[in-house]
$ cat work09.cif   # mmCIF, C-alpha atoms
data_input
#
loop_
_atom_site.label_atom_id
_atom_site.label_comp_id
_atom_site.auth_asym_id
_atom_site.auth_seq_id
_atom_site.Cartn_x
_atom_site.Cartn_y
_atom_site.Cartn_z
CA MET U 1 -111.39 -56.42 -159.70
CA GLU U 2 -109.05 -54.79 -157.32
CA THR U 3 -106.12 -52.74 -158.46
CA PRO U 4 -102.95 -53.79 -156.77
CA PRO U 5 -101.28 -51.13 -154.65
CA VAL U 6 -98.91 -49.03 -156.72
CA THR U 7 -95.33 -49.29 -155.65
CA PRO U 8 -93.28 -46.23 -156.66
CA GLU U 9 -90.69 -47.13 -159.28
CA PRO U 10 -87.32 -46.41 -157.68
CA ASP U 11 -85.47 -45.88 -160.91
CA PRO U 12 -87.00 -45.73 -164.35
CA GLU U 13 -85.63 -47.84 -167.16
CA PRO U 14 -82.13 -46.53 -167.94
CA ARG U 15 -81.98 -44.39 -171.06
CA ARG U 16 -79.76 -45.31 -173.99
CA TYR U 17 -77.96 -42.00 -174.06
CA GLY U 18 -74.72 -43.74 -174.97
CA ARG U 19 -76.18 -44.99 -178.24
CA GLY U 20 -77.50 -41.50 -178.92
CA LEU U 21 -74.13 -39.91 -178.27
CA PHE U 22 -72.42 -42.48 -180.52
CA LEU U 23 -74.85 -41.98 -183.40
CA ALA U 24 -74.87 -38.20 -183.07
CA THR U 25 -71.08 -38.08 -183.11
CA VAL U 26 -70.87 -40.28 -186.19
CA ALA U 27 -73.58 -38.26 -187.95
CA GLY U 28 -71.96 -34.96 -186.99
CA GLY U 29 -68.57 -36.16 -188.16
CA VAL U 30 -69.76 -37.50 -191.50
CA SER U 31 -71.85 -34.41 -192.22
CA SER U 32 -68.83 -32.22 -191.42
CA LEU U 33 -67.44 -33.39 -194.76
CA TYR U 34 -69.90 -30.85 -196.17
CA TRP U 35 -69.62 -28.04 -193.64
CA GLY U 36 -66.27 -28.56 -191.94
CA LYS U 37 -64.12 -26.32 -194.07
CA ALA U 38 -66.66 -23.46 -194.15
CA ALA U 39 -67.15 -23.69 -190.39
CA TRP U 40 -63.42 -23.80 -189.78
CA SER U 41 -62.70 -20.74 -191.92
CA ARG U 42 -65.54 -18.88 -190.20
CA VAL U 43 -64.28 -19.81 -186.75
CA SER U 44 -60.69 -18.99 -187.58
CA GLY U 45 -61.93 -15.71 -189.10
CA VAL U 46 -63.90 -14.70 -186.00
CA VAL U 47 -61.18 -15.67 -183.58
CA SER U 48 -58.41 -14.38 -185.80
CA PRO U 49 -56.69 -12.48 -182.98
CA VAL U 50 -56.71 -15.67 -180.95
CA ALA U 51 -55.86 -17.81 -183.96
CA GLY U 52 -53.11 -15.40 -184.88
CA ALA U 53 -51.57 -16.03 -181.50
CA LEU U 54 -52.34 -19.73 -181.70
CA VAL U 55 -51.12 -20.64 -185.17
CA PRO U 56 -47.43 -20.10 -184.40
CA ILE U 57 -47.88 -22.39 -181.38
CA LEU U 58 -49.54 -25.07 -183.47
CA PRO U 59 -46.70 -27.42 -184.27
CA THR U 60 -47.30 -27.31 -188.00
CA GLY U 61 -47.95 -23.63 -188.69
CA GLY U 62 -50.62 -25.09 -190.95
CA TRP U 63 -48.13 -26.69 -193.34
CA ARG U 64 -47.82 -30.30 -194.30
CA ILE U 65 -44.72 -31.47 -196.07
CA TYR U 66 -45.09 -33.67 -199.13
CA THR U 67 -42.29 -35.53 -200.76
CA VAL U 68 -42.44 -38.20 -203.43
CA SER U 69 -39.09 -39.89 -203.06
CA GLY U 70 -37.08 -41.52 -200.33
CA SER U 71 -35.06 -38.54 -199.26
CA MET U 72 -35.35 -34.79 -199.22
CA PRO U 73 -32.96 -32.95 -201.55
CA VAL U 74 -30.13 -31.16 -199.79
CA PHE U 75 -29.13 -27.70 -200.98
CA ASP U 76 -25.41 -27.13 -201.39
CA PRO U 77 -24.74 -23.44 -202.20
CA ALA U 78 -21.38 -24.35 -203.70
CA THR U 79 -22.75 -26.67 -206.37
CA TRP U 80 -26.41 -25.74 -206.85
CA ARG U 81 -27.33 -23.99 -210.07
CA LEU U 82 -30.58 -23.12 -211.76
CA SER U 83 -30.32 -23.79 -215.46
CA VAL U 84 -32.86 -22.32 -217.84
CA GLY U 85 -32.80 -23.75 -221.32
CA GLY U 86 -34.76 -25.49 -224.05
CA MET U 87 -36.28 -23.25 -226.71
CA VAL U 88 -34.51 -20.07 -225.72
CA ASP U 89 -32.00 -17.85 -227.50
CA LYS U 90 -29.79 -17.30 -224.47
CA PRO U 91 -29.75 -20.27 -222.08
CA VAL U 92 -28.39 -19.44 -218.63
CA SER U 93 -27.12 -21.25 -215.61
CA LEU U 94 -27.35 -19.22 -212.41
CA GLY U 95 -25.63 -19.82 -209.10
CA TYR U 96 -27.38 -18.97 -205.85
CA ASP U 97 -25.79 -15.51 -205.58
CA GLU U 98 -26.39 -14.73 -209.24
CA LEU U 99 -30.04 -15.59 -208.79
CA ARG U 100 -30.33 -13.28 -205.81
CA ALA U 101 -28.72 -10.49 -207.77
CA LEU U 102 -31.78 -10.40 -210.06
CA PRO U 103 -34.53 -7.85 -209.24
CA ARG U 104 -36.07 -8.97 -205.95
CA VAL U 105 -39.79 -8.90 -205.27
CA GLU U 106 -41.84 -9.75 -202.22
CA GLN U 107 -45.45 -10.85 -202.06
CA VAL U 108 -47.95 -12.11 -199.52
CA SER U 109 -50.20 -14.85 -200.84
CA ASN U 110 -52.27 -17.82 -199.70
CA PHE U 111 -51.16 -21.38 -200.26
CA HIS U 112 -53.80 -24.01 -200.98
CA CYS U 113 -53.27 -27.75 -201.01
CA VAL U 114 -55.54 -29.93 -203.10
CA THR U 115 -56.14 -32.13 -200.06
CA GLY U 116 -57.98 -29.29 -198.35
CA TRP U 117 -55.57 -27.41 -196.13
CA THR U 118 -54.66 -23.78 -196.60
CA VAL U 119 -51.99 -21.52 -195.18
CA GLN U 120 -52.90 -17.87 -195.37
CA ASN U 121 -50.69 -14.82 -195.78
CA VAL U 122 -47.37 -16.42 -196.53
CA THR U 123 -44.63 -13.91 -197.30
CA TRP U 124 -42.43 -14.97 -200.21
CA GLY U 125 -39.32 -13.26 -201.54
CA GLY U 126 -37.72 -14.01 -204.89
CA VAL U 127 -37.79 -13.16 -208.58
CA ARG U 128 -40.65 -12.76 -211.02
CA MET U 129 -40.86 -15.36 -213.72
CA SER U 130 -41.12 -12.58 -216.31
CA ASP U 131 -37.78 -11.14 -215.20
CA LEU U 132 -36.13 -14.51 -215.58
CA LEU U 133 -37.70 -15.08 -218.98
CA SER U 134 -36.53 -11.74 -220.35
CA LEU U 135 -33.04 -12.90 -219.45
CA VAL U 136 -33.19 -15.97 -221.67
CA SER U 137 -35.37 -14.71 -224.58
CA PRO U 138 -37.81 -17.57 -225.26
CA GLN U 139 -38.32 -18.46 -228.92
CA PRO U 140 -41.75 -17.76 -230.45
CA ALA U 141 -42.61 -21.46 -230.70
CA ALA U 142 -42.15 -22.00 -226.95
CA HIS U 143 -45.58 -22.01 -225.29
CA ALA U 144 -44.89 -23.90 -222.08
CA LEU U 145 -42.36 -24.45 -219.31
CA ARG U 146 -41.13 -27.60 -217.70
CA PHE U 147 -40.04 -27.30 -214.06
CA ILE U 148 -37.61 -29.96 -212.93
CA SER U 149 -37.04 -30.65 -209.26
CA MET U 150 -33.93 -31.98 -207.59
CA GLU U 151 -36.34 -34.50 -206.11
CA LYS U 152 -36.59 -37.15 -208.78
CA PRO U 153 -38.85 -37.83 -210.59
CA TYR U 154 -40.86 -34.72 -209.70
CA VAL U 155 -41.62 -32.51 -212.65
CA ASP U 156 -44.44 -30.16 -213.53
CA TYR U 157 -45.54 -27.88 -216.35
CA LEU U 158 -47.17 -24.49 -216.88
CA THR U 159 -48.20 -22.73 -220.04
CA LEU U 160 -46.25 -19.57 -220.76
CA GLN U 161 -49.42 -17.61 -220.07
CA GLN U 162 -49.89 -19.23 -216.65
CA ALA U 163 -46.24 -18.78 -215.77
CA THR U 164 -46.38 -15.06 -216.42
CA LEU U 165 -49.45 -14.33 -214.28
CA HIS U 166 -48.76 -11.26 -212.15
CA ASP U 167 -48.13 -13.17 -208.89
CA VAL U 168 -46.10 -16.10 -210.16
CA MET U 169 -42.59 -16.12 -208.78
CA LEU U 170 -39.53 -18.18 -208.00
CA ALA U 171 -39.14 -17.90 -204.25
CA TYR U 172 -35.86 -18.22 -202.39
CA GLU U 173 -37.19 -16.62 -199.21
CA MET U 174 -40.12 -17.44 -196.97
CA GLU U 175 -41.22 -15.25 -194.07
CA GLY U 176 -38.09 -13.12 -194.48
CA LYS U 177 -35.67 -16.03 -194.18
CA PRO U 178 -33.96 -18.26 -196.72
CA LEU U 179 -36.40 -20.92 -197.94
CA PRO U 180 -36.23 -23.88 -195.51
CA GLN U 181 -35.29 -27.31 -196.80
CA GLU U 182 -38.75 -28.78 -196.36
CA HIS U 183 -40.29 -25.94 -198.37
CA GLY U 184 -37.97 -26.55 -201.31
CA ALA U 185 -34.59 -24.92 -200.56
CA PRO U 186 -33.09 -23.11 -202.25
CA LEU U 187 -35.75 -22.28 -204.84
CA ARG U 188 -39.37 -23.13 -205.48
CA LEU U 189 -42.09 -22.07 -207.82
CA ILE U 190 -44.99 -20.08 -206.37
CA ILE U 191 -48.25 -19.87 -208.29
CA PRO U 192 -50.90 -18.94 -205.70
CA GLU U 193 -53.83 -19.42 -208.10
CA MET U 194 -53.06 -23.12 -208.37
CA TYR U 195 -52.88 -25.96 -205.89
CA GLY U 196 -49.63 -26.77 -204.15
CA TYR U 197 -48.56 -29.60 -206.43
CA LYS U 198 -47.96 -27.06 -209.21
CA ASN U 199 -45.62 -25.11 -206.89
CA VAL U 200 -42.55 -27.25 -207.64
CA LYS U 201 -39.99 -27.40 -204.82
CA TRP U 202 -36.21 -27.85 -204.99
CA LEU U 203 -36.02 -26.39 -208.52
CA GLU U 204 -32.87 -27.04 -210.53
CA ARG U 205 -33.92 -26.63 -214.13
CA ILE U 206 -36.54 -24.84 -216.21
CA GLU U 207 -37.05 -25.70 -219.87
CA LEU U 208 -39.01 -23.84 -222.50
CA ILE U 209 -40.96 -26.31 -224.64
CA PRO U 210 -43.71 -26.18 -227.30
CA GLN U 211 -46.63 -27.54 -225.22
CA PRO U 212 -47.16 -28.53 -221.56
CA GLY U 213 -47.00 -32.20 -220.60
CA SER U 214 -48.34 -34.06 -217.58
CA GLY U 215 -46.49 -33.49 -214.32
CA TYR U 216 -45.87 -35.96 -211.53
CA TRP U 217 -49.32 -35.77 -209.93
CA GLU U 218 -51.06 -35.22 -213.23
CA GLN U 219 -49.87 -38.62 -214.39
CA LEU U 220 -51.66 -39.92 -211.30
CA GLY U 221 -54.93 -38.32 -212.29
CA TYR U 222 -54.76 -34.74 -211.03
CA ASP U 223 -55.66 -31.84 -213.29
CA ARG U 224 -53.01 -30.03 -215.31
CA ASP U 225 -54.75 -26.72 -214.83
CA ALA U 226 -54.99 -26.85 -211.06
CA TRP U 227 -56.94 -23.64 -210.42
CA VAL U 228 -57.82 -23.33 -206.76
CA GLY U 229 -61.51 -24.11 -206.24
CA ARG U 230 -62.09 -24.80 -209.95
CA SER U 231 -60.31 -28.08 -210.62
CA ASN U 232 -59.70 -31.57 -209.28
CA GLY U 233 -63.38 -32.13 -208.56
CA TYR U 234 -63.89 -28.92 -206.61
CA GLY U 235 -66.41 -26.30 -207.76
CA THR U 236 -67.58 -28.35 -210.70
CA MET L 1 -58.27 -65.71 -158.95
CA LYS L 2 -56.72 -64.25 -155.83
CA ALA L 3 -58.97 -63.97 -152.81
CA GLY L 4 -60.49 -60.54 -152.38
CA TYR L 5 -60.39 -59.89 -156.13
CA VAL L 6 -63.21 -59.83 -158.63
CA ARG L 7 -63.12 -60.09 -162.42
CA ARG L 8 -63.91 -56.78 -164.11
CA PHE L 9 -62.92 -57.34 -167.73
CA SER L 10 -63.20 -60.56 -169.68
CA ARG L 11 -60.48 -61.75 -172.00
CA VAL L 12 -62.15 -60.50 -175.19
CA GLU L 13 -62.84 -57.12 -173.62
CA ARG L 14 -59.19 -56.74 -172.73
CA LEU L 15 -58.16 -57.96 -176.16
CA LEU L 16 -60.38 -55.31 -177.77
CA HIS L 17 -58.89 -52.61 -175.57
CA TRP L 18 -55.28 -53.52 -176.32
CA VAL L 19 -55.80 -54.05 -180.03
CA ASN L 20 -57.34 -50.60 -180.08
CA ALA L 21 -54.54 -49.09 -178.01
CA LEU L 22 -51.76 -50.68 -180.05
CA GLY L 23 -53.33 -49.59 -183.33
CA PHE L 24 -53.96 -46.10 -182.04
CA PHE L 25 -50.37 -45.52 -180.94
CA PHE L 26 -48.94 -46.86 -184.18
CA LEU L 27 -51.31 -44.71 -186.23
CA LEU L 28 -50.56 -41.70 -184.05
CA ALA L 29 -46.82 -42.12 -184.55
CA THR L 30 -46.98 -42.59 -188.31
CA GLY L 31 -49.67 -39.92 -188.59
CA LEU L 32 -47.58 -37.35 -186.75
CA ILE L 33 -44.66 -37.98 -189.12
CA LEU L 34 -47.01 -37.12 -191.98
CA TYR L 35 -48.47 -34.15 -190.13
CA LEU L 36 -45.60 -32.36 -188.41
CA PRO L 37 -43.13 -30.64 -190.75
CA SER L 38 -40.22 -31.13 -188.35
CA LEU L 39 -40.80 -34.90 -188.29
CA SER L 40 -41.42 -34.98 -192.05
CA VAL L 41 -37.97 -33.48 -192.55
CA LEU L 42 -36.41 -36.01 -190.22
CA VAL L 43 -37.95 -39.05 -191.86
CA ALA L 44 -38.65 -37.76 -195.37
CA ARG L 45 -39.88 -41.08 -196.76
CA ARG L 46 -43.42 -39.79 -197.04
CA GLN L 47 -44.71 -42.39 -199.48
CA LEU L 48 -43.52 -45.25 -197.29
CA ILE L 49 -44.89 -43.71 -194.08
CA GLN L 50 -48.17 -42.95 -195.81
CA ASP L 51 -48.47 -46.57 -196.95
CA MET L 52 -47.64 -47.78 -193.44
CA HIS L 53 -50.20 -45.41 -191.94
CA PHE L 54 -52.93 -46.44 -194.35
CA TRP L 55 -52.40 -50.19 -194.22
CA SER L 56 -51.98 -50.25 -190.45
CA GLY L 57 -55.25 -48.30 -190.26
CA VAL L 58 -56.93 -50.95 -192.39
CA ALA L 59 -55.40 -53.69 -190.23
CA TRP L 60 -56.51 -51.88 -187.06
CA LEU L 61 -60.14 -51.66 -188.21
CA GLY L 62 -60.03 -55.25 -189.42
CA ALA L 63 -58.59 -56.52 -186.13
CA LEU L 64 -61.17 -54.60 -184.11
CA ALA L 65 -63.94 -56.05 -186.26
CA LEU L 66 -62.54 -59.57 -185.82
CA VAL L 67 -62.33 -59.27 -182.04
CA LEU L 68 -65.85 -57.85 -181.90
CA LEU L 69 -67.14 -60.68 -184.05
CA PHE L 70 -65.25 -63.28 -182.04
CA GLY L 71 -66.76 -62.10 -178.75
CA VAL L 72 -70.04 -60.90 -180.15
CA ARG L 73 -72.23 -62.26 -177.35
CA ARG L 74 -70.08 -60.74 -174.67
CA PHE L 75 -69.91 -57.41 -176.50
CA VAL L 76 -73.65 -57.12 -176.98
CA ARG L 77 -73.97 -57.26 -173.19
CA THR L 78 -71.07 -54.86 -172.69
CA ALA L 79 -72.56 -52.42 -175.18
CA ARG L 80 -75.88 -52.55 -173.28
CA GLU L 81 -74.07 -51.62 -170.10
CA LEU L 82 -72.15 -48.84 -171.81
CA GLU L 83 -75.08 -47.18 -173.52
CA SER L 84 -77.45 -47.19 -170.53
CA PHE L 85 -77.51 -44.12 -168.34
CA ASP L 86 -79.70 -44.23 -165.23
CA ARG L 87 -80.52 -41.45 -162.78
CA ASP L 88 -77.38 -42.13 -160.77
CA ASP L 89 -75.26 -41.71 -163.88
CA LEU L 90 -76.82 -38.34 -164.62
CA ARG L 91 -76.31 -37.29 -161.01
CA TRP L 92 -72.69 -38.46 -161.17
CA LEU L 93 -72.11 -36.41 -164.32
CA ARG L 94 -73.40 -33.32 -162.57
CA GLY L 95 -70.67 -33.85 -160.03
CA GLY L 96 -72.75 -35.47 -157.33
CA LYS L 97 -71.84 -38.60 -155.45
CA ALA L 98 -73.87 -41.42 -156.90
CA PRO L 99 -73.37 -45.18 -156.92
CA GLN L 100 -71.99 -46.48 -160.20
CA GLY L 101 -72.15 -49.80 -162.03
CA ARG L 102 -69.23 -51.65 -163.65
CA PHE L 103 -68.67 -48.53 -165.77
CA ASN L 104 -69.08 -45.05 -164.42
CA ALA L 105 -70.83 -42.44 -166.52
CA GLY L 106 -67.56 -40.87 -167.66
CA GLN L 107 -66.32 -44.21 -168.93
CA LYS L 108 -69.59 -44.66 -170.79
CA ILE L 109 -69.17 -41.32 -172.54
CA ASN L 110 -65.55 -42.13 -173.35
CA ALA L 111 -66.59 -45.47 -174.82
CA ALA L 112 -69.32 -43.92 -177.02
CA LEU L 113 -66.93 -41.23 -178.31
CA THR L 114 -64.07 -43.67 -178.87
CA ALA L 115 -66.30 -45.98 -180.89
CA ALA L 116 -67.67 -43.09 -182.94
CA PHE L 117 -64.18 -41.68 -183.54
CA THR L 118 -62.94 -45.07 -184.74
CA ILE L 119 -65.61 -45.09 -187.41
CA LEU L 120 -64.94 -41.46 -188.34
CA PHE L 121 -61.18 -42.02 -188.49
CA GLY L 122 -61.87 -44.95 -190.80
CA VAL L 123 -64.28 -43.05 -193.04
CA SER L 124 -62.11 -39.93 -193.34
CA GLY L 125 -58.92 -41.99 -193.76
CA LEU L 126 -60.43 -44.06 -196.57
CA LEU L 127 -61.69 -40.87 -198.23
CA LEU L 128 -58.21 -39.32 -198.04
CA TRP L 129 -56.73 -42.45 -199.58
CA PHE L 130 -59.27 -42.82 -202.37
CA GLY L 131 -59.54 -39.07 -202.86
CA GLU L 132 -55.90 -39.07 -203.87
CA ARG L 133 -56.87 -41.43 -206.67
CA ASP L 134 -60.34 -40.32 -207.70
CA THR L 135 -61.93 -36.87 -207.49
CA ARG L 136 -65.34 -38.33 -206.65
CA TYR L 137 -64.04 -39.13 -203.16
CA ARG L 138 -62.43 -35.73 -202.66
CA PHE L 139 -63.98 -33.35 -200.13
CA ALA L 140 -62.32 -30.15 -199.00
CA SER L 141 -63.19 -30.96 -195.37
CA THR L 142 -61.91 -34.54 -195.10
CA VAL L 143 -58.51 -33.49 -193.85
CA ILE L 144 -60.10 -31.12 -191.30
CA LEU L 145 -62.21 -33.97 -189.94
CA HIS L 146 -59.25 -36.36 -189.76
CA ASP L 147 -57.04 -33.77 -188.02
CA GLY L 148 -59.83 -32.64 -185.69
CA LEU L 149 -60.45 -36.24 -184.61
CA MET L 150 -56.74 -36.56 -183.86
CA TYR L 151 -56.77 -33.50 -181.62
CA VAL L 152 -59.89 -34.55 -179.70
CA SER L 153 -58.69 -38.14 -179.38
CA LEU L 154 -55.36 -36.95 -178.09
CA ALA L 155 -57.12 -34.90 -175.40
CA LEU L 156 -59.23 -37.92 -174.41
CA LEU L 157 -56.12 -40.09 -174.36
CA VAL L 158 -54.25 -37.72 -172.07
CA GLY L 159 -57.18 -37.74 -169.63
CA HIS L 160 -57.46 -41.52 -169.91
CA LEU L 161 -53.74 -42.06 -169.24
CA TYR L 162 -53.84 -39.69 -166.28
CA LEU L 163 -56.72 -41.57 -164.68
CA ALA L 164 -55.28 -44.99 -165.49
CA LEU L 165 -51.66 -44.38 -164.53
CA ILE L 166 -51.37 -41.39 -162.20
CA HIS L 167 -54.52 -40.40 -160.33
CA PRO L 168 -54.24 -42.32 -157.00
CA ALA L 169 -57.96 -42.99 -156.60
CA THR L 170 -58.45 -44.53 -160.03
CA ARG L 171 -55.15 -46.04 -161.13
CA HIS L 172 -56.01 -49.36 -159.49
CA ALA L 173 -58.36 -49.81 -162.46
CA LEU L 174 -55.36 -50.47 -164.73
CA ARG L 175 -55.15 -53.92 -163.14
CA GLY L 176 -58.62 -54.66 -164.41
CA MET L 177 -57.47 -53.99 -167.96
CA THR L 178 -54.22 -55.97 -167.67
CA VAL L 179 -54.89 -59.06 -165.55
CA GLY L 180 -58.66 -58.64 -165.59
CA THR L 181 -59.32 -58.40 -161.86
CA VAL L 182 -59.66 -55.58 -159.35
CA SER L 183 -59.80 -55.73 -155.58
CA GLU L 184 -63.26 -56.26 -154.20
CA GLU L 185 -62.83 -53.45 -151.75
CA TRP L 186 -61.90 -50.96 -154.51
CA ALA L 187 -64.81 -52.16 -156.62
CA LYS L 188 -67.24 -51.56 -153.75
CA ARG L 189 -65.92 -48.08 -153.25
CA HIS L 190 -65.95 -46.99 -156.90
CA HIS L 191 -68.58 -49.20 -158.49
CA SER L 192 -70.96 -50.02 -155.67
CA LYS L 193 -73.88 -50.92 -157.94
CA TRP L 194 -71.82 -53.42 -159.89
CA ARG L 195 -72.47 -57.07 -159.06
CA PRO L 196 -69.48 -59.02 -160.34
CA GLU L 197 -70.42 -62.19 -162.16
CA PRO L 198 -69.73 -65.33 -160.21
CA GLN L 199 -66.71 -67.11 -161.63
#

$ encode --input "work09.cif" --output "structure tokens"
Amino acid sequence: METPPVTPEPDPEPRRYGRGLFLATVAGGVSSLYWGKAAWSRVSGVVSPVAGALVPILPTGGWRIYTVSGSMPVFDPATWRLSVGGMVDKPVSLGYDELRALPRVEQVSNFHCVTGWTVQNVTWGGVRMSDLLSLVSPQPAAHALRFISMEKPYVDYLTLQQATLHDVMLAYEMEGKPLPQEHGAPLRLIIPEMYGYKNVKWLERIELIPQPGSGYWEQLGYDRDAWVGRSNGYGT
Amino acid sequence: MKAGYVRRFSRVERLLHWVNALGFFFLLATGLILYLPSLSVLVARRQLIQDMHFWSGVAWLGALALVLLFGVRRFVRTARELESFDRDDLRWLRGGKAPQGRFNAGQKINAALTAAFTILFGVSGLLLWFGERDTRYRFASTVILHDGLMYVSLALLVGHLYLALIHPATRHALRGMTVGTVSEEWAKRHHSKWRPEPQ
């Protein structure tokens, strides 16, 4: 038998690179659910000088604003008051200026949201919870606090022990300026050890009560003790 | 069809493109309200916007699936074209002049990425939604994936809009995606290996 003369193939069968690219992208994206956050914090750590310059340009500054009702509470300095009551010997109602006359502290802490985002090194100014509590003299049977927001029906709770952790504060300043509306003006709770939903915004009332209840998000299934990295399905 | 014009995109192909585009812009708008603090302040109805974002995302994926199913035979052929890279495509990608088929190599890459991103947007979006309700679906990186996809998609979109609307050599292609036809002369210049199907 004779072999037919070989004609050179002008172009080999096209390769399915497109399918490969598609599958690799899907696989890379899905697997990033496991490595994305670690990779991102490493990258932002390595390029921190660049990121430091970049983050202010990023339109969000890393924040995302959550509200639960139709409109954002508006702060009116003339009418706003923080009332602290419940199981206390000396209930108080403080106006904005009275609040700022209390001993002022400043702290830099990280803010973690349960949905995965984090804003690092936020500067807060305000008053320590312990300073406020010494003003009202809680009764011995009070073991928890209820934080009531101007945004209805947002409410959340802390135990007295949690509320008096060394870095828990009521902040009326953020980054050296009065707290902006979207961050809870004029006053919000800051508890850096716990996820953002415990950091009640637009505070108007604090009540001392016997035991903590379930706050807004806790009634929807989130943990009461929202320790960062150790609750809500993380680190368990 | 006007003389001197050839059909580049069939009706179902155009439908798929515009369903995708419409959904993308709506999701981008509602997504940015959720994402950008300044817009969040302006609109403030987060729960409503979040519901709109989620359900329009579901509708978007559903509509895409319906169109794909409806034109399945056409799309199997289109997908073949899109996934195949020959030597000319590789040469073209390296910046050389090389004859191209109905899709050039850049369009093929864009198509593969867009399809993959659609799936990833869907997966990460569903996880965000269900993660809010059940810790089993909660991953610390979901939001990073969803945001990252947005940034990369936005970059692709900007390039796509530039080529489709502004760049003089390529903007004629927009016609192909609206009325379906492009001029034969343009097709020969940009897609010389493409043999338009007889009508």

$ resolve_selection --input "work09.cif" --expression "the PyMOL selection byres ((chain L) within 6 of (chain U))" --output "list in words"
Tyr35, Leu36, Pro37, Ala44, Arg45, Arg46, Glu83, Ser84, Phe85, Asp86, Ala112, Ala116, Thr135, Ala140, Ser141 and Thr142 of chain L

$ closest_residue --input "work09.cif" --among "U:Asp76, U:Asp131, U:Glu151, U:Glu106" --to "Lys201 in chain U" --atoms "all atoms listed in the file"
U:Glu151

$ resolve_selection --input "work09.cif" --expression "the PyMOL selection byres ((chain L and resi 69-79) around 9)" --output "NGL selection string"
(:U and (18-19)) or (:L and (10 or 12-13 or 64-68 or 80-84))

$ closest_residue --input "work09.cif" --among "U:Leu132, U:Tyr195, U:Arg104, U:Tyr216" --to "Val119 in chain U" --atoms "all atoms listed in the file"
U:Tyr195

$ residues_around --input "work09.cif" --residues "Val168 in chain U" --least-positions-apart "4" --cutoff "10 Å" --atoms "all atoms listed in the file" --output "list in words"
Gln107, Val127, Arg128, Met129, Ser130, Gln162, Ala163, Thr164, Leu189, Ile190, Ile191, Pro192, Glu193 and Asn199 of chain U

$ residues_around --input "work09.cif" --residues "Lys2 in chain L" --least-positions-apart "3" --cutoff "9 Å" --atoms "all atoms listed in the file" --output "number ranges by chain"
L: 5-6, 181

$ build_atoms --input "work09.cif" --residues "range 164-176 of chain U" --atoms "N, CA and C atoms" --output "mmCIF file, keeping the file's coordinate frame"
data_model
loop_
_atom_site.group_PDB
_atom_site.id
_atom_site.type_symbol
_atom_site.label_atom_id
_atom_site.label_comp_id
_atom_site.auth_asym_id
_atom_site.auth_seq_id
_atom_site.Cartn_x
_atom_site.Cartn_y
_atom_site.Cartn_z
ATOM 1 N N THR U 164 -46.638 -16.501 -216.475
ATOM 2 C CA THR U 164 -46.380 -15.060 -216.420
ATOM 3 C C THR U 164 -47.549 -14.297 -215.781
ATOM 4 N N LEU U 165 -48.436 -15.005 -215.085
ATOM 5 C CA LEU U 165 -49.450 -14.330 -214.280
ATOM 6 C C LEU U 165 -48.750 -13.383 -213.304
ATOM 7 N N HIS U 166 -49.440 -12.326 -212.884
ATOM 8 C CA HIS U 166 -48.760 -11.260 -212.150
ATOM 9 C C HIS U 166 -48.125 -11.716 -210.843
ATOM 10 N N ASP U 167 -48.667 -12.779 -210.204
ATOM 11 C CA ASP U 167 -48.130 -13.170 -208.890
ATOM 12 C C ASP U 167 -47.374 -14.497 -208.914
ATOM 13 N N VAL U 168 -46.919 -14.884 -210.096
ATOM 14 C CA VAL U 168 -46.100 -16.100 -210.160
ATOM 15 C C VAL U 168 -44.650 -15.713 -209.921
ATOM 16 N N MET U 169 -43.985 -16.457 -209.060
ATOM 17 C CA MET U 169 -42.590 -16.120 -208.780
ATOM 18 C C MET U 169 -41.772 -17.353 -208.447
ATOM 19 N N LEU U 170 -40.464 -17.160 -208.485
ATOM 20 C CA LEU U 170 -39.530 -18.180 -208.000
ATOM 21 C C LEU U 170 -39.042 -17.681 -206.654
ATOM 22 N N ALA U 171 -39.399 -18.399 -205.598
ATOM 23 C CA ALA U 171 -39.140 -17.900 -204.250
ATOM 24 C C ALA U 171 -37.890 -18.539 -203.663
ATOM 25 N N TYR U 172 -36.997 -17.700 -203.147
ATOM 26 C CA TYR U 172 -35.860 -18.220 -202.390
ATOM 27 C C TYR U 172 -35.919 -17.766 -200.934
ATOM 28 N N GLU U 173 -36.989 -17.026 -200.594
ATOM 29 C CA GLU U 173 -37.190 -16.620 -199.210
ATOM 30 C C GLU U 173 -38.626 -16.900 -198.786
ATOM 31 N N MET U 174 -38.787 -17.214 -197.518
ATOM 32 C CA MET U 174 -40.120 -17.440 -196.970
ATOM 33 C C MET U 174 -40.137 -16.803 -195.582
ATOM 34 N N GLU U 175 -41.113 -15.967 -195.348
ATOM 35 C CA GLU U 175 -41.220 -15.250 -194.070
ATOM 36 C C GLU U 175 -39.902 -14.537 -193.715
ATOM 37 N N GLY U 176 -39.283 -13.935 -194.726
ATOM 38 C CA GLY U 176 -38.090 -13.120 -194.480
ATOM 39 C C GLY U 176 -36.805 -13.899 -194.271
#
